[in-house]
>>> print(open('upload13.txt').read())   # compact mmCIF, C-alpha atoms and all ligand atoms
# COMPACT_ATOMS: atom_id res chain seq x y z
CA MET A 18 132.62 92.71 110.14
CA LYS A 19 132.17 89.04 109.26
CA THR A 20 134.97 86.49 109.26
CA ALA A 21 135.38 84.09 106.36
CA LEU A 22 137.64 81.04 106.31
CA ILE A 23 138.82 79.96 102.87
CA THR A 24 140.59 76.67 102.16
CA GLY A 25 142.95 76.48 99.19
CA ALA A 26 143.42 80.24 99.47
CA THR A 27 146.85 80.52 97.86
CA SER A 28 145.86 80.02 94.23
CA GLY A 29 143.06 80.03 91.68
CA ILE A 30 139.49 80.54 92.86
CA GLY A 31 140.57 80.58 96.52
CA LEU A 32 143.09 83.35 95.95
CA ALA A 33 140.66 85.46 93.89
CA THR A 34 138.04 84.97 96.61
CA ALA A 35 140.49 86.06 99.31
CA ILE A 36 141.21 89.27 97.41
CA THR A 37 137.54 89.95 96.60
CA LEU A 38 136.47 89.40 100.19
CA ALA A 39 139.28 91.58 101.55
CA GLU A 40 138.17 94.36 99.20
CA ASN A 41 134.65 93.93 100.55
CA GLY A 42 135.56 94.14 104.22
CA PHE A 43 135.55 90.52 105.40
CA SER A 44 138.07 89.42 108.03
CA LEU A 45 139.93 86.45 106.65
CA VAL A 46 141.32 83.14 107.80
CA LEU A 47 143.36 81.97 104.83
CA CYS A 48 144.24 78.28 104.70
CA GLY A 49 146.63 76.39 102.45
CA ARG A 50 149.74 74.29 102.34
CA ASN A 51 152.15 76.89 100.98
CA THR A 52 153.32 78.81 104.05
CA GLN A 53 155.35 81.31 102.08
CA LYS A 54 152.39 82.24 99.87
CA LEU A 55 150.14 82.46 102.91
CA ASN A 56 152.59 84.85 104.58
CA GLU A 57 152.76 87.02 101.46
CA LEU A 58 148.97 87.13 101.28
CA GLU A 59 148.64 88.02 104.94
CA LYS A 60 151.01 90.94 104.38
CA GLU A 61 149.25 92.07 101.21
CA LEU A 62 145.64 91.81 102.37
CA GLY A 63 146.39 92.65 106.01
CA ASP A 64 146.46 96.33 105.04
CA LEU A 65 142.77 96.09 104.12
CA VAL A 66 141.23 93.79 106.75
CA PRO A 67 142.28 91.59 109.69
CA VAL A 68 143.93 88.48 108.21
CA THR A 69 145.34 85.35 109.78
CA THR A 70 146.67 82.23 108.11
CA LEU A 71 146.63 78.51 108.84
CA SER A 72 148.99 76.15 107.10
CA PHE A 73 147.72 72.58 106.94
CA ASP A 74 146.75 69.82 104.53
CA VAL A 75 142.98 69.19 104.48
CA ARG A 76 143.75 65.45 104.20
CA ASP A 77 145.26 65.42 107.69
CA GLN A 78 142.38 65.45 110.16
CA VAL A 79 144.62 65.93 113.20
CA ALA A 80 146.26 68.94 111.55
CA VAL A 81 142.85 70.32 110.53
CA ASN A 82 141.51 70.10 114.08
CA LYS A 83 144.66 71.60 115.57
CA ALA A 84 144.63 74.51 113.13
CA ILE A 85 140.96 75.35 113.65
CA ALA A 86 141.30 75.02 117.45
CA SER A 87 144.11 77.61 117.38
CA LEU A 88 141.64 80.32 116.28
CA THR A 89 141.00 81.75 119.73
CA ASN A 90 141.49 85.49 119.18
CA GLU A 91 138.93 87.95 117.84
CA PRO A 92 137.83 88.33 115.10
CA PHE A 93 138.93 84.83 114.11
CA ASP A 94 137.34 82.96 117.03
CA PHE A 95 134.02 82.68 115.21
CA ILE A 96 133.82 81.70 111.54
CA ASP A 97 130.74 83.31 110.00
CA ILE A 98 131.45 81.93 106.56
CA LEU A 99 133.26 78.74 105.61
CA ILE A 100 134.32 78.49 101.99
CA ASN A 101 135.32 74.90 101.22
CA ASN A 102 137.37 75.61 98.14
CA ALA A 103 140.42 73.30 98.40
CA GLY A 104 140.19 70.67 95.68
CA ASN A 105 141.73 69.57 92.46
CA ALA A 106 141.88 66.97 89.72
CA HIS A 107 144.60 64.38 89.26
CA GLY A 108 144.80 62.77 85.85
CA LEU A 109 142.28 62.39 83.04
CA ASP A 110 142.27 58.67 82.30
CA ALA A 111 139.75 56.02 81.38
CA ILE A 112 138.65 53.99 84.37
CA ASP A 113 140.83 51.01 83.42
CA GLN A 114 143.87 53.28 83.12
CA GLY A 115 143.58 55.53 86.16
CA SER A 116 146.06 55.36 89.03
CA THR A 117 144.90 54.58 92.53
CA GLU A 118 147.18 57.37 93.83
CA ASP A 119 145.24 59.87 91.72
CA TRP A 120 141.91 58.44 92.91
CA ASP A 121 143.01 58.60 96.54
CA ALA A 122 144.20 62.19 96.18
CA MET A 123 140.91 63.38 94.63
CA LEU A 124 138.69 61.60 97.12
CA ASP A 125 140.89 62.54 100.08
CA ILE A 126 141.13 66.23 99.19
CA ASN A 127 137.85 67.01 97.44
CA VAL A 128 135.57 64.90 99.64
CA LYS A 129 137.21 63.89 102.91
CA GLY A 130 139.14 67.14 103.29
CA LEU A 131 135.94 69.13 102.87
CA LEU A 132 134.29 66.95 105.50
CA TYR A 133 137.18 67.28 107.99
CA VAL A 134 137.24 71.08 107.77
CA SER A 135 133.45 71.27 107.99
CA LYS A 136 133.37 68.96 110.99
CA ALA A 137 135.87 71.18 112.80
CA ILE A 138 133.83 74.35 112.20
CA ILE A 139 130.16 73.30 112.23
CA PRO A 140 129.87 72.90 116.04
CA GLN A 141 130.55 76.59 116.68
CA MET A 142 128.02 77.58 114.01
CA ARG A 143 125.48 75.13 115.43
CA ASP A 144 125.97 76.46 118.97
CA ALA A 145 125.66 80.06 117.79
CA GLY A 146 122.61 79.31 115.64
CA ARG A 147 124.12 81.01 112.62
CA GLY A 148 126.74 80.55 109.95
CA HIS A 149 127.13 80.06 106.21
CA ILE A 150 128.91 77.29 104.34
CA ILE A 151 129.77 77.53 100.65
CA ASN A 152 131.11 74.39 99.01
CA ILE A 153 132.92 74.83 95.72
CA GLY A 154 131.56 72.10 93.51
CA SER A 155 131.84 71.92 89.75
CA THR A 156 129.86 71.31 86.59
CA ALA A 157 131.64 67.94 86.97
CA GLY A 158 129.40 67.45 89.99
CA LYS A 159 126.35 67.74 87.75
CA GLU A 160 127.51 65.87 84.67
CA VAL A 161 130.01 63.06 84.10
CA TYR A 162 132.33 63.39 81.10
CA PRO A 163 134.59 60.78 79.47
CA LYS A 164 137.67 60.04 81.58
CA GLY A 165 136.28 62.28 84.32
CA ASN A 166 135.13 59.21 86.30
CA VAL A 167 136.65 59.71 89.78
CA TYR A 168 137.00 63.50 89.60
CA CYS A 169 133.35 63.75 88.57
CA GLY A 170 132.52 61.25 91.31
CA SER A 171 134.26 63.43 93.89
CA LYS A 172 132.35 66.50 92.75
CA HIS A 173 129.04 64.60 92.64
CA ALA A 174 129.84 63.70 96.24
CA VAL A 175 130.32 67.40 97.04
CA ASP A 176 126.93 68.07 95.42
CA ALA A 177 125.23 65.41 97.57
CA ILE A 178 127.08 66.42 100.73
CA THR A 179 126.05 70.05 100.20
CA THR A 180 122.41 69.01 100.09
CA GLY A 181 122.92 66.76 103.11
CA MET A 182 124.53 69.59 105.06
CA ARG A 183 121.68 71.94 104.18
CA LEU A 184 119.11 69.41 105.39
CA ASP A 185 120.92 68.58 108.62
CA LEU A 186 121.95 72.14 109.51
CA ASN A 187 118.58 73.67 108.66
CA PRO A 188 117.36 73.44 112.30
CA TYR A 189 120.28 75.62 113.39
CA GLY A 190 119.73 78.44 110.92
CA ILE A 191 122.96 77.69 109.08
CA ARG A 192 122.93 78.50 105.39
CA VAL A 193 124.54 75.95 103.07
CA GLY A 194 125.04 76.32 99.34
CA ALA A 195 127.29 75.37 96.47
CA VAL A 196 128.95 77.33 93.69
CA ASN A 197 129.63 75.04 90.73
CA PRO A 198 131.91 76.51 88.08
CA GLY A 199 132.70 75.01 84.69
CA LEU A 200 135.98 75.74 82.94
CA VAL A 201 137.99 78.30 84.93
CA GLU A 202 141.44 79.44 83.85
CA THR A 203 143.58 78.50 86.88
CA ASN A 204 146.39 76.03 87.45
CA PHE A 205 143.64 73.34 87.71
CA SER A 206 144.64 71.72 84.41
CA LYS A 207 148.34 72.05 85.16
CA VAL A 208 147.79 70.05 88.34
CA ARG A 209 145.50 67.59 86.52
CA PHE A 210 148.17 67.00 83.86
CA LYS A 211 150.99 66.90 86.42
CA GLY A 212 152.84 69.98 85.25
CA ASP A 213 152.40 69.44 81.48
CA THR A 214 151.89 73.13 80.69
CA ASN A 215 151.34 72.59 76.96
CA ARG A 216 148.52 70.14 77.54
CA ALA A 217 147.05 72.34 80.26
CA ASP A 218 147.13 75.44 78.04
CA GLN A 219 145.17 73.61 75.31
CA VAL A 220 142.20 73.30 77.68
CA TYR A 221 141.69 77.07 77.77
CA LYS A 222 142.63 77.88 74.14
CA GLY A 223 140.29 79.29 71.49
CA TYR A 224 137.64 80.77 73.79
CA MET A 225 137.31 82.95 76.86
CA PRO A 226 137.07 80.71 79.92
CA LEU A 227 135.79 81.87 83.29
CA GLN A 228 138.38 83.72 85.32
CA PRO A 229 138.86 82.99 89.02
CA GLU A 230 137.55 86.51 89.74
CA ASP A 231 134.23 85.62 88.04
CA VAL A 232 133.75 82.79 90.52
CA ALA A 233 134.83 85.01 93.41
CA ASP A 234 132.10 87.46 92.36
CA ALA A 235 129.49 84.69 92.53
CA ILE A 236 130.73 83.67 95.97
CA LEU A 237 130.55 87.29 97.12
CA PHE A 238 126.98 87.49 95.80
CA ALA A 239 125.99 84.33 97.68
CA ILE A 240 127.43 85.50 101.00
CA THR A 241 126.05 89.02 100.85
CA ARG A 242 122.36 88.14 100.49
CA PRO A 243 120.00 89.16 103.32
CA PRO A 244 119.74 86.64 106.20
CA HIS A 245 116.53 85.08 104.84
CA VAL A 246 118.07 84.27 101.44
CA ASN A 247 120.20 81.19 100.78
CA ILE A 248 121.77 80.65 97.37
CA ALA A 249 121.48 76.86 97.48
CA ASP A 250 123.04 75.94 94.18
CA LEU A 251 124.72 78.17 91.66
CA THR A 252 126.13 76.65 88.46
CA MET A 253 128.13 78.90 86.17
CA MET A 254 129.96 78.45 82.90
CA CYS A 255 131.67 80.76 80.45
CA THR A 256 129.48 81.75 77.50
CA ALA A 257 131.46 79.46 75.19
CA GLN A 258 130.67 76.40 77.32
CA ALA A 259 127.32 74.62 76.97
CA SER A 260 128.20 71.41 78.81
CA SER A 261 131.26 69.56 80.02
CA THR A 262 131.92 68.34 76.49
CA ILE A 263 130.54 71.14 74.35
CA VAL A 264 132.71 74.25 74.18
CA LYS A 265 132.53 76.64 71.24
CA LYS A 266 136.13 77.23 70.21
CA GLU A 267 137.27 79.67 67.53
CA ILE A 268 140.33 77.63 66.57
C1 LIG B 1 136.43 71.86 86.75
C2 LIG B 1 135.57 71.78 85.56
O1 LIG B 1 135.08 70.55 83.36
O2 LIG B 1 137.41 70.80 83.98
O3 LIG B 1 135.84 71.33 87.87
O4 LIG B 1 136.00 69.26 85.16
S1 LIG B 1 136.05 70.54 84.49
>>> encode(input="upload13.txt", output="structure tokens")
Amino acid sequence: MKTALITGATSGIGLATAITLAENGFSLVLCGRNTQKLNELEKELGDLVPVTTLSFDVRDQVAVNKAIASLTNEPFDFIDILINNAGNAHGLDAIDQGSTEDWDAMLDINVKGLLYVSKAIIPQMRDAGRGHIINIGSTAGKEVYPKGNVYCGSKHAVDAITTGMRLDLNPYGIRVGAVNPGLVETNFSKVRFKGDTNRADQVYKGYMPLQPEDVADAILFAITRPPHVNIADLTMMCTAQASSTIVKKEI
């Protein structure tokens, strides 16, 4: 039984991935900031597979290191699969209008948080000569759209860092890949628009967006390939989406 650690596991793609992986027999280390949700998940999925939870903010490197160092008991003492999922968007503003708080949050969570968690886990993979890292990127990491500026920049950074990790960890037999979804119906837009549910709902209206479970399926596919196969880069969109700015809507 392999152990997977998922960041941002309490909602959206992270939550769907936790459920999918539990159903497919992976032991789970579920990470997030919402302790209550983590506890509920541990109870729910703990009937299926061994589950433990870690409550920390990926922006806090001391907390990240402390949390990962606490994983001393089997089957959580070796992370076979790291899923760097925690990330979000803050604001959708032209570059002259954006707030530095929003920029800091996106770069701190999406880029630096991913690096902190990876740095805490890579040494054990390197020493064991095995392991698998999946970074959740975005179509925004492949294409910049108007007002996407810093969010797209953060996801382009994830794209580059994924390649860099693959190059540097290649000698150790560690697989590194990215799953890059387009529009997924989660609370992503609600967070981006700071709780403005009406505005967030508009984003997913008039077409069938990807569901978090669709992305979880792709992650499951990537991590269940034979040892000689690495899914390096997987970009997925709903059928209605052709690019970041072209979405076929019925209304
Ligand atoms: C989420 C996709 O197009 O809303 O990363 O930026 S998009």
>>> closest_atom_pairs(input="upload13.txt", of="chain A", to="ligand LIG 1 (chain B)", cutoff="10 Å", atoms="all atoms listed in the file", output="Markdown table")
| residue | atom | partner | partner_atom | distance |
| --- | --- | --- | --- | --- |
| A:Gly104 | CA | B:LIG1 | O3 | 9.0 |
| A:Asn105 | CA | B:LIG1 | O3 | 7.7 |
| A:Ala106 | CA | B:LIG1 | O3 | 7.7 |
| A:Leu109 | CA | B:LIG1 | O4 | 9.5 |
| A:Ile153 | CA | B:LIG1 | O3 | 9.1 |
| A:Gly154 | CA | B:LIG1 | O3 | 7.1 |
| A:Ser155 | CA | B:LIG1 | O3 | 4.5 |
| A:Thr156 | CA | B:LIG1 | C2 | 5.8 |
| A:Ala157 | CA | B:LIG1 | O4 | 4.9 |
| A:Gly158 | CA | B:LIG1 | O3 | 7.8 |
| A:Glu160 | CA | B:LIG1 | O1 | 9.0 |
| A:Val161 | CA | B:LIG1 | O4 | 8.7 |
| A:Tyr162 | CA | B:LIG1 | O1 | 8.0 |
| A:Gly165 | CA | B:LIG1 | O4 | 7.0 |
| A:Tyr168 | CA | B:LIG1 | O4 | 7.3 |
| A:Cys169 | CA | B:LIG1 | O4 | 7.0 |
| A:Lys172 | CA | B:LIG1 | O3 | 7.7 |
| A:Asn197 | CA | B:LIG1 | O3 | 7.8 |
| A:Pro198 | CA | B:LIG1 | C2 | 6.5 |
| A:Gly199 | CA | B:LIG1 | C2 | 4.4 |
| A:Leu200 | CA | B:LIG1 | C2 | 4.8 |
| A:Val201 | CA | B:LIG1 | C1 | 6.9 |
| A:Glu202 | CA | B:LIG1 | O2 | 9.5 |
| A:Thr203 | CA | B:LIG1 | C1 | 9.8 |
| A:Phe205 | CA | B:LIG1 | C1 | 7.4 |
| A:Ser206 | CA | B:LIG1 | O2 | 7.3 |
| A:Arg209 | CA | B:LIG1 | O2 | 9.1 |
| A:Val220 | CA | B:LIG1 | O2 | 8.3 |
| A:Tyr221 | CA | B:LIG1 | O2 | 9.8 |
| A:Met254 | CA | B:LIG1 | C2 | 9.1 |
| A:Gln258 | CA | B:LIG1 | O1 | 9.5 |
| A:Ser260 | CA | B:LIG1 | O1 | 8.3 |
| A:Ser261 | CA | B:LIG1 | O1 | 5.2 |
| A:Thr262 | CA | B:LIG1 | O1 | 7.9 |
>>> atom_distance(input="upload13.txt", atom1="CA of Thr69 in chain A", atom2="CA of Asp234 in chain A")
22.0 Å
>>> atom_distance(input="upload13.txt", atom1="CA of Lys136 in chain A", atom2="CA of Ala26 in chain A")
19.0 Å
>>> closest_residue(input="upload13.txt", among="A:Gly194, A:Pro140, A:Gly130, A:Pro243", to="Arg76 in chain A", atoms="all atoms listed in the file")
A:Gly130
>>> closest_atom_pairs(input="upload13.txt", of="range 219-240 of chain A", to="range 263-268 of chain A", cutoff="12 Å", atoms="all atoms listed in the file", output="tab-separated table")
residue	atom	partner	partner_atom	distance
A:Gln219	CA	A:Ile268	CA	10.8
A:Val220	CA	A:Val264	CA	10.2
A:Tyr221	CA	A:Lys266	CA	9.4
A:Lys222	CA	A:Lys266	CA	7.6
A:Gly223	CA	A:Lys266	CA	4.8
A:Tyr224	CA	A:Lys266	CA	5.3
A:Met225	CA	A:Lys266	CA	8.9
A:Pro226	CA	A:Val264	CA	9.7
>>> axis_aligned_box(input="upload13.txt", around="range 51-64 of chain A", padding_each_side="6 Å", output="lines of an AutoDock Vina configuration file")
center_x = 150.5
center_y = 86.6
center_z = 102.9
size_x = 21.7
size_y = 31.4
size_z = 18.1
>>> closest_residue(input="upload13.txt", among="A:Ile126, A:Leu62, A:Ile139, A:Ala103", to="Ile85 in chain A", atoms="all atoms listed in the file")
A:Ile139
>>> closest_residue(input="upload13.txt", among="A:Ala257, A:Ala195, A:Ala86, A:Leu65", to="Leu38 in chain A", atoms="all atoms listed in the file")
A:Leu65
>>> closest_residue(input="upload13.txt", among="A:Lys207, A:Lys60, A:Arg50, A:His107", to="Asp74 in chain A", atoms="only C-alpha atoms")
A:Arg50
>>> atom_distance(input="upload13.txt", atom1="CA of Thr34 in chain A", atom2="CA of Gly49 in chain A")
13.5 Å
>>> residues_around(input="upload13.txt", residues="Thr27 in chain A", least_positions_apart="3", cutoff="9 Å", atoms="only C-alpha atoms", output="list in words")
Thr24, Ile30, Gly31, Leu32, Ala33, Ala35, Leu47, Cys48, Gly49, Arg50, Asn51, Lys54, Leu55 and Leu58 of chain A
>>> closest_residue(input="upload13.txt", among="A:Ala80, A:Leu88, A:Ala217, A:Ala249", to="Arg183 in chain A", atoms="all atoms listed in the file")
A:Ala249
>>> build_atoms(input="upload13.txt", residues="range 55-69 of chain A", atoms="N, CA and C atoms", output="PDB file, in the frame of the given file")
ATOM      1  N   LEU A  55     151.092  82.002 101.885  1.00  0.00           N
ATOM      2  CA  LEU A  55     150.140  82.460 102.910  1.00  0.00           C
ATOM      3  C   LEU A  55     150.684  83.716 103.597  1.00  0.00           C
ATOM      4  N   ASN A  56     151.981  83.695 103.920  1.00  0.00           N
ATOM      5  CA  ASN A  56     152.590  84.850 104.580  1.00  0.00           C
ATOM      6  C   ASN A  56     152.528  86.090 103.692  1.00  0.00           C
ATOM      7  N   GLU A  57     152.817  85.890 102.400  1.00  0.00           N
ATOM      8  CA  GLU A  57     152.760  87.020 101.460  1.00  0.00           C
ATOM      9  C   GLU A  57     151.353  87.608 101.400  1.00  0.00           C
ATOM     10  N   LEU A  58     150.371  86.695 101.361  1.00  0.00           N
ATOM     11  CA  LEU A  58     148.970  87.130 101.280  1.00  0.00           C
ATOM     12  C   LEU A  58     148.551  87.887 102.532  1.00  0.00           C
ATOM     13  N   GLU A  59     148.994  87.370 103.667  1.00  0.00           N
ATOM     14  CA  GLU A  59     148.640  88.020 104.940  1.00  0.00           C
ATOM     15  C   GLU A  59     149.170  89.455 104.946  1.00  0.00           C
ATOM     16  N   LYS A  60     150.392  89.610 104.429  1.00  0.00           N
ATOM     17  CA  LYS A  60     151.010  90.940 104.380  1.00  0.00           C
ATOM     18  C   LYS A  60     150.232  91.851 103.429  1.00  0.00           C
ATOM     19  N   GLU A  61     149.896  91.289 102.263  1.00  0.00           N
ATOM     20  CA  GLU A  61     149.250  92.070 101.210  1.00  0.00           C
ATOM     21  C   GLU A  61     147.834  92.493 101.618  1.00  0.00           C
ATOM     22  N   LEU A  62     147.044  91.516 102.083  1.00  0.00           N
ATOM     23  CA  LEU A  62     145.640  91.810 102.370  1.00  0.00           C
ATOM     24  C   LEU A  62     145.433  92.370 103.773  1.00  0.00           C
ATOM     25  N   GLY A  63     146.471  92.177 104.625  1.00  0.00           N
ATOM     26  CA  GLY A  63     146.390  92.650 106.010  1.00  0.00           C
ATOM     27  C   GLY A  63     146.277  94.164 106.113  1.00  0.00           C
ATOM     28  N   ASP A  64     146.628  94.867 105.044  1.00  0.00           N
ATOM     29  CA  ASP A  64     146.460  96.330 105.040  1.00  0.00           C
ATOM     30  C   ASP A  64     144.987  96.704 104.934  1.00  0.00           C
ATOM     31  N   LEU A  65     144.189  95.790 104.364  1.00  0.00           N
ATOM     32  CA  LEU A  65     142.770  96.090 104.120  1.00  0.00           C
ATOM     33  C   LEU A  65     141.867  95.631 105.262  1.00  0.00           C
ATOM     34  N   VAL A  66     142.114  94.418 105.745  1.00  0.00           N
ATOM     35  CA  VAL A  66     141.230  93.790 106.750  1.00  0.00           C
ATOM     36  C   VAL A  66     142.091  92.923 107.685  1.00  0.00           C
ATOM     37  N   PRO A  67     141.542  92.538 108.857  1.00  0.00           N
ATOM     38  CA  PRO A  67     142.280  91.590 109.690  1.00  0.00           C
ATOM     39  C   PRO A  67     142.439  90.249 108.952  1.00  0.00           C
ATOM     40  N   VAL A  68     143.651  89.746 108.909  1.00  0.00           N
ATOM     41  CA  VAL A  68     143.930  88.480 108.210  1.00  0.00           C
ATOM     42  C   VAL A  68     144.791  87.591 109.099  1.00  0.00           C
ATOM     43  N   THR A  69     144.438  86.315 109.177  1.00  0.00           N
ATOM     44  CA  THR A  69     145.340  85.350 109.780  1.00  0.00           C
ATOM     45  C   THR A  69     145.445  84.158 108.838  1.00  0.00           C
TER      46      THR A  69
END
